[in-house]
$ cat structure.cif   # mmCIF, C-alpha atoms and all ligand atoms
data_my_file
#
loop_
_atom_site.label_atom_id
_atom_site.label_comp_id
_atom_site.auth_asym_id
_atom_site.auth_seq_id
_atom_site.Cartn_x
_atom_site.Cartn_y
_atom_site.Cartn_z
CA MET A 1 -144.88 60.35 34.53
CA LYS A 2 -141.95 57.95 34.24
CA ARG A 3 -143.52 55.76 36.90
CA ILE A 4 -146.83 55.65 35.03
CA LEU A 5 -145.06 54.68 31.81
CA LEU A 6 -143.17 51.90 33.59
CA ALA A 7 -146.38 50.57 35.15
CA LEU A 8 -148.07 50.57 31.71
CA LEU A 9 -145.10 48.76 30.18
CA LEU A 10 -145.07 46.07 32.86
CA ALA A 11 -148.81 45.56 32.49
CA ALA A 12 -148.34 45.09 28.72
CA THR A 13 -145.54 42.47 29.13
CA PRO A 14 -147.06 39.22 30.39
CA ALA A 15 -144.90 37.49 33.00
CA LEU A 16 -143.51 34.16 31.79
CA ALA A 17 -145.83 31.51 33.23
CA PHE A 18 -143.14 28.85 33.06
CA PRO A 19 -142.70 26.38 34.57
CA ASP A 20 -146.20 25.92 35.94
CA ARG A 21 -145.89 22.21 36.80
CA PRO A 22 -143.14 19.56 37.15
CA VAL A 23 -140.71 19.20 34.28
CA ALA A 24 -139.95 15.70 32.90
CA LEU A 25 -136.31 15.10 31.98
CA ILE A 26 -136.24 12.14 29.59
CA ILE A 27 -133.14 9.96 29.98
CA PRO A 28 -132.98 7.78 26.85
CA PHE A 29 -130.88 5.00 28.44
CA ALA A 30 -131.11 2.59 31.37
CA ALA A 31 -131.06 3.61 35.03
CA GLY A 32 -127.61 3.56 36.63
CA GLY A 33 -125.73 4.37 33.41
CA PRO A 34 -123.81 7.52 32.52
CA THR A 35 -126.73 9.50 31.09
CA ASP A 36 -128.81 8.56 34.10
CA VAL A 37 -126.09 9.54 36.60
CA LEU A 38 -125.63 12.92 34.92
CA GLY A 39 -129.38 13.41 34.45
CA ARG A 40 -130.27 12.76 38.07
CA THR A 41 -127.54 15.15 39.27
CA LEU A 42 -128.87 17.83 36.92
CA ALA A 43 -132.55 17.20 37.62
CA GLU A 44 -132.00 17.78 41.32
CA ALA A 45 -130.00 20.98 40.75
CA MET A 46 -132.39 22.37 38.13
CA SER A 47 -135.37 21.75 40.44
CA ARG A 48 -133.82 24.24 42.84
CA GLY A 49 -133.39 26.86 40.08
CA LEU A 50 -136.77 26.39 38.43
CA GLY A 51 -138.76 26.12 41.66
CA VAL A 52 -140.63 22.98 40.48
CA ALA A 53 -139.73 19.31 40.55
CA VAL A 54 -137.62 18.14 37.62
CA THR A 55 -138.16 14.39 37.40
CA ALA A 56 -135.77 12.11 35.55
CA GLU A 57 -137.61 9.44 33.57
CA ASN A 58 -135.82 6.58 31.76
CA VAL A 59 -137.40 6.01 28.33
CA THR A 60 -135.05 3.44 26.80
CA GLY A 61 -134.43 1.43 23.64
CA ALA A 62 -133.25 1.68 20.04
CA GLY A 63 -129.95 3.39 20.87
CA GLY A 64 -131.68 6.24 22.69
CA THR A 65 -134.06 7.11 19.86
CA ILE A 66 -137.23 6.00 21.66
CA GLY A 67 -136.60 8.62 24.35
CA GLY A 68 -135.53 11.12 21.68
CA ALA A 69 -138.76 10.56 19.73
CA ARG A 70 -140.81 10.99 22.92
CA VAL A 71 -139.38 14.49 23.33
CA ALA A 72 -139.48 15.35 19.61
CA ASN A 73 -143.23 14.63 19.68
CA ALA A 74 -144.00 16.25 23.05
CA ARG A 75 -145.92 19.50 23.51
CA PRO A 76 -143.39 22.34 22.92
CA ASP A 77 -144.01 24.05 26.25
CA GLY A 78 -140.69 23.33 28.01
CA HIS A 79 -142.14 20.73 30.39
CA THR A 80 -140.64 17.71 28.54
CA LEU A 81 -136.88 17.78 27.95
CA LEU A 82 -134.28 15.40 26.55
CA LEU A 83 -130.85 14.75 27.98
CA GLY A 84 -129.05 13.53 24.86
CA ASN A 85 -125.43 12.56 24.30
CA ILE A 86 -123.36 12.51 21.10
CA GLY A 87 -125.83 9.90 19.80
CA VAL A 88 -128.27 12.72 18.98
CA ALA A 89 -125.79 13.79 16.27
CA THR A 90 -125.11 10.30 14.90
CA VAL A 91 -128.73 9.21 14.46
CA THR A 92 -129.03 10.36 10.85
CA ALA A 93 -125.90 8.42 9.83
CA GLN A 94 -126.88 5.20 11.55
CA PHE A 95 -130.54 4.65 10.79
CA ARG A 96 -131.83 3.83 7.33
CA ASN A 97 -135.10 5.44 8.43
CA PRO A 98 -134.12 7.86 11.20
CA PRO A 99 -137.02 8.49 13.59
CA TYR A 100 -136.27 12.23 13.48
CA ASP A 101 -133.82 14.73 12.09
CA PRO A 102 -131.99 16.11 15.14
CA LEU A 103 -131.31 19.41 13.38
CA VAL A 104 -135.01 20.15 13.07
CA ALA A 105 -136.76 18.03 15.72
CA PHE A 106 -135.44 19.87 18.77
CA ALA A 107 -135.08 23.32 20.27
CA PRO A 108 -131.54 23.24 21.75
CA ILE A 109 -131.07 24.59 25.28
CA GLY A 110 -127.38 24.18 26.09
CA LEU A 111 -124.31 22.00 26.22
CA ILE A 112 -123.72 20.27 29.57
CA SER A 113 -120.43 18.42 29.87
CA PRO A 114 -117.86 16.56 27.80
CA VAL A 115 -117.16 13.04 29.08
CA PRO A 116 -114.20 10.79 28.22
CA MET A 117 -114.72 7.14 27.39
CA VAL A 118 -112.78 4.13 28.52
CA VAL A 119 -112.36 0.78 26.73
CA ILE A 120 -113.18 -1.91 29.28
CA GLY A 121 -113.25 -5.68 29.42
CA ARG A 122 -114.02 -8.60 31.73
CA THR A 123 -111.27 -9.23 34.27
CA SER A 124 -110.90 -12.86 33.10
CA LEU A 125 -109.71 -11.81 29.61
CA PRO A 126 -106.36 -13.45 28.77
CA VAL A 127 -104.76 -10.02 28.14
CA ARG A 128 -103.83 -7.15 30.41
CA ASP A 129 -102.94 -4.18 28.20
CA PHE A 130 -104.33 -2.41 25.14
CA PRO A 131 -101.84 -3.76 22.55
CA GLY A 132 -102.52 -7.26 23.93
CA LEU A 133 -106.26 -6.63 23.70
CA ILE A 134 -106.03 -5.50 20.07
CA ALA A 135 -104.00 -8.63 19.15
CA TRP A 136 -106.58 -10.85 20.95
CA LEU A 137 -109.53 -9.13 19.22
CA ARG A 138 -107.91 -9.60 15.80
CA GLU A 139 -107.17 -13.24 16.50
CA THR A 140 -110.59 -14.03 18.00
CA GLY A 141 -112.77 -12.04 15.53
CA LEU A 142 -116.40 -13.13 15.62
CA GLY A 143 -115.66 -15.10 18.79
CA VAL A 144 -115.46 -11.75 20.65
CA ASN A 145 -118.71 -10.56 22.23
CA LEU A 146 -118.72 -6.80 22.36
CA ALA A 147 -121.55 -4.99 24.05
CA HIS A 148 -123.02 -1.55 23.44
CA ALA A 149 -126.15 0.45 24.18
CA GLY A 150 -127.77 0.10 20.76
CA VAL A 151 -126.98 1.36 17.28
CA GLY A 152 -126.75 5.12 17.60
CA SER A 153 -125.49 5.18 21.20
CA ALA A 154 -122.12 6.58 22.31
CA SER A 155 -120.78 3.14 23.24
CA HIS A 156 -121.78 1.87 19.80
CA LEU A 157 -119.96 4.78 18.15
CA CYS A 158 -116.79 3.96 20.10
CA MET A 159 -117.02 0.24 19.30
CA THR A 160 -117.70 0.98 15.62
CA LEU A 161 -114.56 3.12 15.48
CA LEU A 162 -112.53 0.42 17.18
CA ARG A 163 -113.77 -2.31 14.81
CA SER A 164 -113.13 -0.23 11.73
CA LEU A 165 -109.64 0.87 12.90
CA ILE A 166 -108.50 -2.71 13.49
CA HIS A 167 -110.42 -4.08 10.47
CA THR A 168 -111.98 -6.85 12.55
CA GLU A 169 -115.58 -8.02 12.69
CA MET A 170 -116.80 -9.08 16.12
CA THR A 171 -120.16 -10.15 17.50
CA ALA A 172 -122.08 -7.11 18.76
CA ILE A 173 -124.78 -7.35 21.40
CA ALA A 174 -127.10 -4.41 22.11
CA PHE A 175 -128.49 -3.46 25.52
CA ARG A 176 -130.71 -0.58 26.67
CA GLY A 177 -127.82 1.30 28.18
CA THR A 178 -124.33 0.71 29.46
CA ALA A 179 -125.53 -0.06 33.02
CA PRO A 180 -126.73 -3.53 31.89
CA VAL A 181 -123.55 -3.81 29.77
CA MET A 182 -121.48 -3.32 32.93
CA THR A 183 -123.42 -6.08 34.72
CA GLU A 184 -122.75 -8.47 31.83
CA ILE A 185 -119.03 -7.64 31.74
CA MET A 186 -118.69 -8.17 35.49
CA ALA A 187 -120.48 -11.51 35.16
CA GLY A 188 -118.04 -12.45 32.36
CA ARG A 189 -120.88 -13.01 29.86
CA VAL A 190 -119.57 -10.41 27.39
CA ASP A 191 -115.95 -9.54 26.66
CA ILE A 192 -115.54 -5.82 26.02
CA SER A 193 -117.26 -2.46 25.71
CA CYS A 194 -116.57 1.22 25.83
CA ASP A 195 -118.25 3.29 28.51
CA GLN A 196 -118.26 6.84 29.77
CA THR A 197 -116.25 7.60 32.89
CA THR A 198 -119.40 9.03 34.52
CA SER A 199 -120.56 5.50 35.28
CA ALA A 200 -117.48 3.34 34.59
CA MET A 201 -115.16 5.01 37.11
CA PRO A 202 -116.18 3.14 40.30
CA PHE A 203 -116.07 -0.25 38.51
CA VAL A 204 -112.64 0.52 37.05
CA THR A 205 -111.08 1.86 40.25
CA ASP A 206 -112.16 -1.09 42.38
CA GLY A 207 -111.09 -3.61 39.73
CA ARG A 208 -114.47 -5.13 38.85
CA VAL A 209 -113.78 -4.47 35.16
CA ARG A 210 -110.42 -4.02 33.42
CA ALA A 211 -109.67 -0.63 31.81
CA PHE A 212 -107.46 -0.87 28.71
CA ALA A 213 -107.35 2.67 27.30
CA VAL A 214 -109.09 6.02 27.49
CA THR A 215 -110.34 7.71 24.33
CA SER A 216 -109.33 11.23 25.42
CA PRO A 217 -106.28 13.13 24.10
CA ALA A 218 -104.59 12.90 27.54
CA ARG A 219 -104.62 10.44 30.45
CA LEU A 220 -107.22 11.05 33.18
CA PRO A 221 -105.93 12.07 36.62
CA GLN A 222 -108.48 9.73 38.24
CA ILE A 223 -106.92 6.65 36.50
CA PRO A 224 -103.39 7.79 35.53
CA GLU A 225 -102.17 4.22 34.99
CA VAL A 226 -104.53 3.79 32.00
CA PRO A 227 -102.95 5.02 28.72
CA THR A 228 -104.77 6.88 25.98
CA ALA A 229 -105.61 4.74 22.95
CA GLY A 230 -103.12 6.91 21.00
CA GLN A 231 -100.30 6.20 23.47
CA ALA A 232 -101.14 2.50 23.31
CA GLY A 233 -100.94 2.31 19.52
CA LEU A 234 -104.37 3.28 18.14
CA PRO A 235 -104.38 7.09 17.70
CA GLY A 236 -107.62 7.08 15.66
CA LEU A 237 -109.61 5.98 18.69
CA GLU A 238 -110.20 9.44 20.08
CA VAL A 239 -113.75 10.39 20.92
CA SER A 240 -115.24 12.64 23.56
CA ILE A 241 -118.87 12.27 24.48
CA TRP A 242 -120.82 15.47 24.96
CA HIS A 243 -124.27 16.06 26.36
CA GLY A 244 -126.94 18.54 25.49
CA LEU A 245 -130.34 19.51 26.85
CA TYR A 246 -133.18 19.80 24.31
CA ALA A 247 -136.84 20.78 24.21
CA PRO A 248 -139.18 19.92 21.32
CA ARG A 249 -139.03 22.06 18.19
CA GLY A 250 -141.37 25.06 18.45
CA THR A 251 -140.68 25.75 22.14
CA PRO A 252 -140.81 29.55 22.58
CA ASP A 253 -137.45 31.32 22.89
CA ALA A 254 -138.36 32.83 26.24
CA ILE A 255 -138.75 29.29 27.62
CA THR A 256 -135.54 27.86 26.13
CA GLN A 257 -133.65 30.90 27.45
CA ARG A 258 -135.19 30.43 30.92
CA LEU A 259 -134.17 26.75 30.85
CA ALA A 260 -130.65 27.62 29.67
CA GLN A 261 -130.31 30.05 32.55
CA ALA A 262 -131.46 27.37 35.03
CA LEU A 263 -128.97 24.94 33.46
CA ARG A 264 -126.10 27.45 33.82
CA VAL A 265 -126.98 28.02 37.48
CA ALA A 266 -127.19 24.25 38.09
CA LEU A 267 -123.79 23.62 36.46
CA ALA A 268 -122.18 26.32 38.59
CA GLU A 269 -123.35 24.78 41.90
CA PRO A 270 -120.27 23.64 43.85
CA ARG A 271 -121.88 20.30 44.70
CA VAL A 272 -122.60 19.63 41.00
CA VAL A 273 -119.02 20.59 40.04
CA ALA A 274 -117.67 18.27 42.78
CA ARG A 275 -119.92 15.38 41.73
CA LEU A 276 -118.84 15.75 38.08
CA ALA A 277 -115.17 15.89 39.12
CA ASP A 278 -115.55 12.53 40.90
CA LEU A 279 -116.81 11.15 37.60
CA ALA A 280 -113.84 12.57 35.63
CA THR A 281 -115.74 15.36 33.93
CA THR A 282 -116.38 19.10 34.25
CA PRO A 283 -119.33 21.34 33.37
CA GLU A 284 -119.19 23.26 30.11
CA PRO A 285 -118.30 26.96 30.58
CA PRO A 286 -121.36 29.28 30.72
CA GLU A 287 -120.85 30.60 27.17
CA ARG A 288 -121.42 27.05 25.85
CA VAL A 289 -124.52 26.50 27.97
CA THR A 290 -126.73 28.37 25.49
CA PRO A 291 -129.18 27.39 22.73
CA GLU A 292 -126.88 28.97 20.12
CA ALA A 293 -123.79 27.03 21.24
CA LEU A 294 -125.62 23.69 21.31
CA ARG A 295 -127.25 24.34 17.90
CA ALA A 296 -123.83 25.08 16.33
CA HIS A 297 -122.11 22.14 18.05
CA LEU A 298 -124.84 19.71 17.01
CA ALA A 299 -124.56 20.81 13.37
CA ASP A 300 -120.74 20.46 13.48
CA GLU A 301 -120.97 16.98 14.99
CA VAL A 302 -123.56 15.77 12.46
CA ALA A 303 -121.21 16.95 9.69
CA ARG A 304 -118.18 15.36 11.39
CA TRP A 305 -119.56 11.89 12.15
CA THR A 306 -121.91 11.22 9.23
CA PRO A 307 -119.16 10.37 6.68
CA VAL A 308 -117.11 8.41 9.27
CA LEU A 309 -120.06 6.26 10.30
CA ARG A 310 -121.38 5.76 6.77
CA ALA A 311 -117.91 4.49 5.79
CA ALA A 312 -117.75 2.19 8.83
CA GLY A 313 -121.28 1.05 7.94
CA GLU A 314 -123.48 -0.51 10.56
CA PHE A 315 -127.09 0.54 10.36
CA ALA A 316 -130.33 0.02 12.18
CA ASP A 317 -133.61 0.19 10.30
C1 LIG B 401 -126.01 5.20 28.89
O1 LIG B 401 -126.44 6.11 29.59
O2 LIG B 401 -126.30 4.02 29.11
C2 LIG B 401 -125.06 5.53 27.77
O3 LIG B 401 -124.97 6.91 27.59
C3 LIG B 401 -125.41 4.80 26.54
C4 LIG B 401 -124.48 5.14 25.41
O4 LIG B 401 -124.75 6.13 24.71
O5 LIG B 401 -123.51 4.43 25.22
#

$ encode --input "structure.cif" --output "structure tokens"
Amino acid sequence: MKRILLALLLAATPALAFPDRPVALIIPFAAGGPTDVLGRTLAEAMSRGLGVAVTAENVTGAGGTIGGARVANARPDGHTLLLGNIGVATVTAQFRNPPYDPLVAFAPIGLISPVPMVVIGRTSLPVRDFPGLIAWLRETGLGVNLAHAGVGSASHLCMTLLRSLIHTEMTAIAFRGTAPVMTEIMAGRVDISCDQTTSAMPFVTDGRVRAFAVTSPARLPQIPEVPTAGQAGLPGLEVSIWHGLYAPRGTPDAITQRLAQALRVALAEPRVVARLADLATTPEPPERVTPEALRAHLADEVARWTPVLRAAGEFAD
């Protein structure tokens, strides 16, 4: 009798037909940058867990919002996902007409990893340390070319904080990601930026760009000679970038939970952990790799950064 009941129950519960084709992971910034490096590592690992190809696709521009809008408007069936960084939370504060409201446009899947940032500059700058850099920025003002990945990106957030903390206007130049920013710094065509360790680390360690300070509360073991901004005299410059995985609003719970499970498995793979360690980051613990944790974190971060950014005031239309 029990067996018959079980068979009836199973017949009444349709198996989850997901995924039934490749999954597109939208990377909203340029190839070779921090989001791309993290995204390609994850895509490969999640392909193994989901049993279908997960293909990373760079959809760039407008500080990451073109890629974000692509996912917000995609069919909510779990086959189009967004890898977003802290910029997902700052979009409402930085656009006069935000392309979407992150708190309603997406179905959160899970947090991925926190990543420190590092203030970098061209090696031909006439200064070698962070206090020297701050003095030079103040003195040079609009003569400084600072680069970022568009209003609303993580690098823009870091540069906005720096400018407002030292009360100095500089000339900002926007790129489609920090990979092209890095190329411009190495060529000496722009002066400074702020990038995530996930892509900056190799350029810093082999001396192709100069690292002035990290924005984390403590020094990083991978570059122990670089002080925190706080140690070097600017304690307000503390910001940690975080990443989340999102599906479009309306994606069924069973699918977001399946994706969250695949994300947890991917982040626990020893080769993923080792790759992230090389890039000075670690995966979030499993209890934060859930739709609930990402939803709560996103709401907290929107509330935290909106007043700060409105006060610092640089907007895109
Ligand atoms: C990138 O991948 O290029 C960066 O995450 C852009 C940014 O947010 O600064």

$ closest_residue --input "structure.cif" --among "A:Arg122, A:Arg189, A:Arg264, A:His156" --to "Arg210 (chain A)" --atoms "all atoms listed in the file"
A:Arg122

$ residues_around --input "structure.cif" --residues "Gly313 (chain A)" --least-positions-apart "3" --cutoff "8 Å" --atoms "all atoms listed in the file" --output "list in words"
Gln94, Leu309 and Arg310 of chain A

$ closest_residue --input "structure.cif" --among "A:Val239, A:Ala30, A:Leu165, A:Val91" --to "ligand LIG 401 (chain B)" --atoms "all atoms listed in the file"
A:Ala30

$ residues_around --input "structure.cif" --residues "Ala105 (chain A)" --least-positions-apart "5" --cutoff "10 Å" --atoms "all atoms listed in the file" --output "ChimeraX atom specification"
/A:68-69,71-73,99-100,246-250

$ residues_near_point --input "structure.cif" --point "(-116.3, 15.0, 26.4)" --cutoff "7 Å" --atoms "all atoms listed in the file" --output "number ranges by chain"
A: 113-116, 240-242

$ write_last_selection --input "structure.cif" --atoms "C-alpha atoms" --output "PDB file, keeping the file's coordinate frame"
ATOM      1  CA  SER A 113    -120.430  18.420  29.870  1.00  0.00           C
ATOM      2  CA  PRO A 114    -117.860  16.560  27.800  1.00  0.00           C
ATOM      3  CA  VAL A 115    -117.160  13.040  29.080  1.00  0.00           C
ATOM      4  CA  PRO A 116    -114.200  10.790  28.220  1.00  0.00           C
ATOM      5  CA  SER A 240    -115.240  12.640  23.560  1.00  0.00           C
ATOM      6  CA  ILE A 241    -118.870  12.270  24.480  1.00  0.00           C
ATOM      7  CA  TRP A 242    -120.820  15.470  24.960  1.00  0.00           C
TER       8      TRP A 242
END

$ residues_near_ligand --input "structure.cif" --ligand "ligand LIG 401 (chain B)" --cutoff "8 Å" --atoms "only C-alpha atoms and all ligand atoms" --output "PDB file with C-alpha atoms, in the frame of the given file"
ATOM      1  CA  ILE A  27    -133.140   9.960  29.980  1.00  0.00           C
ATOM      2  CA  PRO A  28    -132.980   7.780  26.850  1.00  0.00           C
ATOM      3  CA  PHE A  29    -130.880   5.000  28.440  1.00  0.00           C
ATOM      4  CA  ALA A  30    -131.110   2.590  31.370  1.00  0.00           C
ATOM      5  CA  ALA A  31    -131.060   3.610  35.030  1.00  0.00           C
ATOM      6  CA  GLY A  32    -127.610   3.560  36.630  1.00  0.00           C
ATOM      7  CA  GLY A  33    -125.730   4.370  33.410  1.00  0.00           C
ATOM      8  CA  PRO A  34    -123.810   7.520  32.520  1.00  0.00           C
ATOM      9  CA  THR A  35    -126.730   9.500  31.090  1.00  0.00           C
ATOM     10  CA  ASP A  36    -128.810   8.560  34.100  1.00  0.00           C
ATOM     11  CA  VAL A  37    -126.090   9.540  36.600  1.00  0.00           C
ATOM     12  CA  GLY A  63    -129.950   3.390  20.870  1.00  0.00           C
ATOM     13  CA  GLY A  64    -131.680   6.240  22.690  1.00  0.00           C
ATOM     14  CA  ASN A  85    -125.430  12.560  24.300  1.00  0.00           C
ATOM     15  CA  ILE A  86    -123.360  12.510  21.100  1.00  0.00           C
ATOM     16  CA  GLY A  87    -125.830   9.900  19.800  1.00  0.00           C
ATOM     17  CA  HIS A 148    -123.020  -1.550  23.440  1.00  0.00           C
ATOM     18  CA  ALA A 149    -126.150   0.450  24.180  1.00  0.00           C
ATOM     19  CA  GLY A 150    -127.770   0.100  20.760  1.00  0.00           C
ATOM     20  CA  GLY A 152    -126.750   5.120  17.600  1.00  0.00           C
ATOM     21  CA  SER A 153    -125.490   5.180  21.200  1.00  0.00           C
ATOM     22  CA  ALA A 154    -122.120   6.580  22.310  1.00  0.00           C
ATOM     23  CA  SER A 155    -120.780   3.140  23.240  1.00  0.00           C
ATOM     24  CA  HIS A 156    -121.780   1.870  19.800  1.00  0.00           C
ATOM     25  CA  LEU A 157    -119.960   4.780  18.150  1.00  0.00           C
ATOM     26  CA  ARG A 176    -130.710  -0.580  26.670  1.00  0.00           C
ATOM     27  CA  GLY A 177    -127.820   1.300  28.180  1.00  0.00           C
ATOM     28  CA  THR A 178    -124.330   0.710  29.460  1.00  0.00           C
ATOM     29  CA  ALA A 179    -125.530  -0.060  33.020  1.00  0.00           C
ATOM     30  CA  CYS A 194    -116.570   1.220  25.830  1.00  0.00           C
ATOM     31  CA  ASP A 195    -118.250   3.290  28.510  1.00  0.00           C
ATOM     32  CA  GLN A 196    -118.260   6.840  29.770  1.00  0.00           C
TER      33      GLN A 196
END

$ residues_near_point --input "structure.cif" --point "(-143.9, 22.8, 27.1)" --cutoff "9 Å" --atoms "all atoms listed in the file" --output "list in words"
Phe18, Pro19, Val23, Ala74, Arg75, Pro76, Asp77, Gly78, His79, Thr80, Leu81, Ala247, Pro248, Thr251, Pro252 and Ile255 of chain A

$ atom_distance --input "structure.cif" --atom1 "CA of Phe95 (chain A)" --atom2 "CA of Glu238 (chain A)"
22.9 Å

$ atom_distance --input "structure.cif" --atom1 "CA of Ile192 (chain A)" --atom2 "CA of Asn145 (chain A)"
6.8 Å

$ residues_around --input "structure.cif" --residues "Val119 (chain A)" --least-positions-apart "5" --cutoff "10 Å" --atoms "all atoms listed in the file" --output "short mmCIF file (atom, residue, chain, number, x, y, z; two decimals) with C-alpha atoms, in the frame of the given file"
data_model
loop_
_atom_site.label_atom_id
_atom_site.label_comp_id
_atom_site.auth_asym_id
_atom_site.auth_seq_id
_atom_site.Cartn_x
_atom_site.Cartn_y
_atom_site.Cartn_z
CA PHE A 130 -104.33 -2.41 25.14
CA SER A 155 -120.78 3.14 23.24
CA CYS A 158 -116.79 3.96 20.10
CA MET A 159 -117.02 0.24 19.30
CA LEU A 162 -112.53 0.42 17.18
CA ILE A 192 -115.54 -5.82 26.02
CA SER A 193 -117.26 -2.46 25.71
CA CYS A 194 -116.57 1.22 25.83
CA ASP A 195 -118.25 3.29 28.51
CA GLN A 196 -118.26 6.84 29.77
CA THR A 197 -116.25 7.60 32.89
CA ALA A 200 -117.48 3.34 34.59
CA ARG A 210 -110.42 -4.02 33.42
CA ALA A 211 -109.67 -0.63 31.81
CA PHE A 212 -107.46 -0.87 28.71
CA ALA A 213 -107.35 2.67 27.30
CA VAL A 214 -109.09 6.02 27.49
CA THR A 215 -110.34 7.71 24.33
CA VAL A 226 -104.53 3.79 32.00
CA THR A 228 -104.77 6.88 25.98
CA ALA A 229 -105.61 4.74 22.95
CA LEU A 237 -109.61 5.98 18.69
#

$ atom_distance --input "structure.cif" --atom1 "CA of His167 (chain A)" --atom2 "CA of Leu125 (chain A)"
20.7 Å

$ closest_residue --input "structure.cif" --among "A:Leu220, A:Ala262, A:Leu234, A:Ala89" --to "Ser164 (chain A)" --atoms "all atoms listed in the file"
A:Leu234

$ residues_around --input "structure.cif" --residues "Thr168 (chain A)" --least-positions-apart "4" --cutoff "12 Å" --atoms "all atoms listed in the file" --output "PyMOL selection string"
chain A and resi 134-144+146+159-164+172+312

$ axis_aligned_box --input "structure.cif" --around "region 191-195 of chain A" --padding-each-side "3 Å" --output "lines of an AutoDock Vina configuration file"
center_x = -116.9
center_y = -3.1
center_z = 27.1
size_x = 8.7
size_y = 18.8
size_z = 8.8
